[in-house]
Amino acid sequence: MSTGELRIQSLHIHPVKSCRAIDLDVARVGPRGLEHDREWMLITAAGRFVTQRSHPTLALLRATPDSQGITLDHPQAGELRIEAPQPMSTPPADWRRVTVWKREIEAIDAGERAAQFASALIGEPARIVAGGSDHFADGYPLLVCTQASLDDLNRRLPEALPMSRFRPNIVLAGAAAWQEDHIRELRIGSLRMRLVKPCTRCVMTRIDQLTGKRGVDPLPVLQQFRYDENLRGVTFGQNARVTSGAGSLLRVGDAVTVELRD
């Protein structure tokens, strides 16, 4: 069994699913991922999640969370402050079931002002919900990428892309390109994270996260050397989950020990 040492290069959260990333120097990690990551979400009138895949303007949504709630700001929709739902022993009247892909999640509706904001943002009836006991990740609580893999991809592209196109939570420095494919576990202090599944990439990687408009598309190049037949898609980064040490603080620059797959 081999081990190697890396470090955390950057940390990122997306407080509203599919909104612009927030870069952090320090982040607390729990069983649901980094604190404040994907705790809120826009949904259609039918209760289905809304992302940049269909509404690239979400890239322009700035979401600033704190212990009391979240502040949203968007060039078209304006600014909105939403207070976080308070914990309670019984489900509130505004509890609603929402859908992320095929997964149904219990969420709390943020109210009519939030619905007006969301509708103005995407140009159709929409609402904003907060997570109850769950979060709004596609399937796994954390996404880990390496800078070396992005560097290798950028050498193959006509124009270099920033890491924000791939929306990771944790970016590692010091690894070899695509080494993440071979890592079983990350150890950062008392925290243990298991890398469980390559992340298949979609059309969101085409969207410039600063403008909300289509930019250089990395998918055709990734298709040439990163196609996974079992997953039927191109991959970049690894989905991960916490196995022990929830509640730990992660800091940019932290040393990371890796356990490689056999």
# chains A, B, ... in the order shown; residues from 1 in each chain; ligands from 1
>>> residues_around(residues="Gln179 of chain A", least_positions_apart="2", cutoff="10 Å", atoms="only C-alpha atoms", output="count of residues only")
13
>>> closest_atom_pairs(of="segment 83-169 of chain A", to="segment 205-209 of chain A", cutoff="7 Å", atoms="only C-alpha atoms", output="CSV")
residue,atom,partner,partner_atom,distance
A:Ser164,CA,A:Gln209,CA,6.8
A:Arg165,CA,A:Thr205,CA,5.0
A:Phe166,CA,A:Thr205,CA,6.0
>>> write_last_selection(atoms="N, CA and C atoms", output="mmCIF file, in the first residue's frame")
data_model
loop_
_atom_site.group_PDB
_atom_site.id
_atom_site.type_symbol
_atom_site.label_atom_id
_atom_site.label_comp_id
_atom_site.auth_asym_id
_atom_site.auth_seq_id
_atom_site.Cartn_x
_atom_site.Cartn_y
_atom_site.Cartn_z
ATOM 1 N N SER A 164 -12.883 26.829 -11.589
ATOM 2 C CA SER A 164 -14.300 27.081 -11.291
ATOM 3 C C SER A 164 -15.233 26.407 -12.280
ATOM 4 N N ARG A 165 -14.768 26.103 -13.489
ATOM 5 C CA ARG A 165 -15.619 25.392 -14.456
ATOM 6 C C ARG A 165 -16.049 24.019 -13.936
ATOM 7 N N PHE A 166 -15.258 23.448 -13.021
ATOM 8 C CA PHE A 166 -15.530 22.082 -12.562
ATOM 9 C C PHE A 166 -16.106 22.044 -11.151
#
>>> select_by_dssp(residues="segment 50-259 of chain A", states="alpha helix (DSSP H)", output="list in words")
Glu112, Arg113, Ala114, Ala115, Gln116, Phe117, Ala118, Ser119, Ala120, Leu121, Ile122, Gln147, Ala148, Ser149, Leu150, Asp151, Asp152, Leu153, Asn154, Arg155, Arg156, Leu219, Pro220, Val221, Leu222, Gln223, Gln224 and Phe225 of chain A
>>> residues_around(residues="segment 14-25 of chain A", least_positions_apart="4", cutoff="8 Å", atoms="only C-alpha atoms", output="JSON, numbers by chain")
{"A": [10, 36, 37, 38, 39, 40, 41, 42, 50, 51, 52, 58, 59, 60, 61, 62, 63, 64, 65, 136, 137, 164, 167, 209, 251, 252]}
>>> closest_residue(among="A:Gly111, A:Pro168, A:Pro56, A:Gly245", to="Ile82 of chain A", atoms="only C-alpha atoms")
A:Gly111
>>> residues_around(residues="Asp138 of chain A", least_positions_apart="2", cutoff="8 Å", atoms="only C-alpha atoms", output="PyMOL selection string")
chain A and resi 100-101+136+140
>>> write_last_selection(atoms="N, CA and C atoms", output="PDB file, in the first residue's frame")
ATOM      1  N   VAL A 100     -34.089  16.092  -6.847  1.00  0.00           N
ATOM      2  CA  VAL A 100     -32.766  16.288  -7.433  1.00  0.00           C
ATOM      3  C   VAL A 100     -32.427  15.006  -8.171  1.00  0.00           C
ATOM      4  N   TRP A 101     -32.438  15.086  -9.513  1.00  0.00           N
ATOM      5  CA  TRP A 101     -32.363  13.904 -10.356  1.00  0.00           C
ATOM      6  C   TRP A 101     -33.478  12.932  -9.956  1.00  0.00           C
ATOM      7  N   PHE A 136     -28.320  19.451  -0.987  1.00  0.00           N
ATOM      8  CA  PHE A 136     -28.777  19.360  -2.367  1.00  0.00           C
ATOM      9  C   PHE A 136     -27.669  18.976  -3.345  1.00  0.00           C
ATOM     10  N   TYR A 140     -23.188  13.000  -3.956  1.00  0.00           N
ATOM     11  CA  TYR A 140     -22.170  12.855  -2.927  1.00  0.00           C
ATOM     12  C   TYR A 140     -21.872  14.217  -2.307  1.00  0.00           C
TER      13      TYR A 140
END
>>> select_by_dssp(residues="segment 131-167 of chain A", states="strand (DSSP E)", output="ChimeraX atom specification")
/A:131,142-146
>>> residues_around(residues="Leu34 of chain A", least_positions_apart="3", cutoff="8 Å", atoms="only C-alpha atoms", output="short mmCIF file (atom, residue, chain, number, x, y, z; two decimals) with C-alpha atoms, in the first residue's frame")
data_model
loop_
_atom_site.label_atom_id
_atom_site.label_comp_id
_atom_site.auth_asym_id
_atom_site.auth_seq_id
_atom_site.Cartn_x
_atom_site.Cartn_y
_atom_site.Cartn_z
CA ILE A 13 -18.65 26.23 -1.47
CA ALA A 27 -13.99 25.53 6.06
CA ARG A 28 -15.67 23.23 8.55
CA VAL A 29 -16.52 19.82 7.15
CA GLY A 30 -19.37 17.64 8.34
CA ASP A 37 -22.41 24.12 0.76
CA PRO A 141 -21.31 15.52 -0.36
CA LEU A 142 -17.84 16.46 -1.63
CA ASN A 169 -15.10 21.72 -2.98
#
>>> closest_residue(among="A:Arg187, A:Arg48, A:Arg156, A:Lys197", to="Pro220 of chain A", atoms="only C-alpha atoms")
A:Arg156
>>> closest_residue(among="A:Gly139, A:Gly215, A:Gly123, A:Pro162", to="Gln76 of chain A", atoms="only C-alpha atoms")
A:Gly123
>>> atom_distance(atom1="atom CA of Arg192 of chain A", atom2="atom CA of Ile70 of chain A")
29.1 Å
>>> closest_residue(among="A:Leu219, A:Leu195, A:Ala246, A:Leu153", to="Val258 of chain A", atoms="only C-alpha atoms")
A:Leu195
>>> residues_around(residues="Val98 of chain A", least_positions_apart="4", cutoff="7 Å", atoms="only C-alpha atoms", output="PyMOL selection string")
chain A and resi 47-48+104-107
>>> closest_residue(among="A:Ala84, A:Val242, A:Leu157, A:Val196", to="Thr71 of chain A", atoms="only C-alpha atoms")
A:Ala84
>>> residues_around(residues="Pro125 of chain A", least_positions_apart="3", cutoff="8 Å", atoms="only C-alpha atoms", output="JSON, numbers by chain")
{"A": [44, 45, 115, 118, 119]}
>>> atom_distance(atom1="atom CA of Thr257 of chain A", atom2="atom CA of Met163 of chain A")
22.1 Å
>>> closest_residue(among="A:Val234, A:Ala255, A:Leu121, A:Ala77", to="Glu5 of chain A", atoms="only C-alpha atoms")
A:Ala255
>>> atom_distance(atom1="atom CA of Leu80 of chain A", atom2="atom CA of His12 of chain A")
22.1 Å
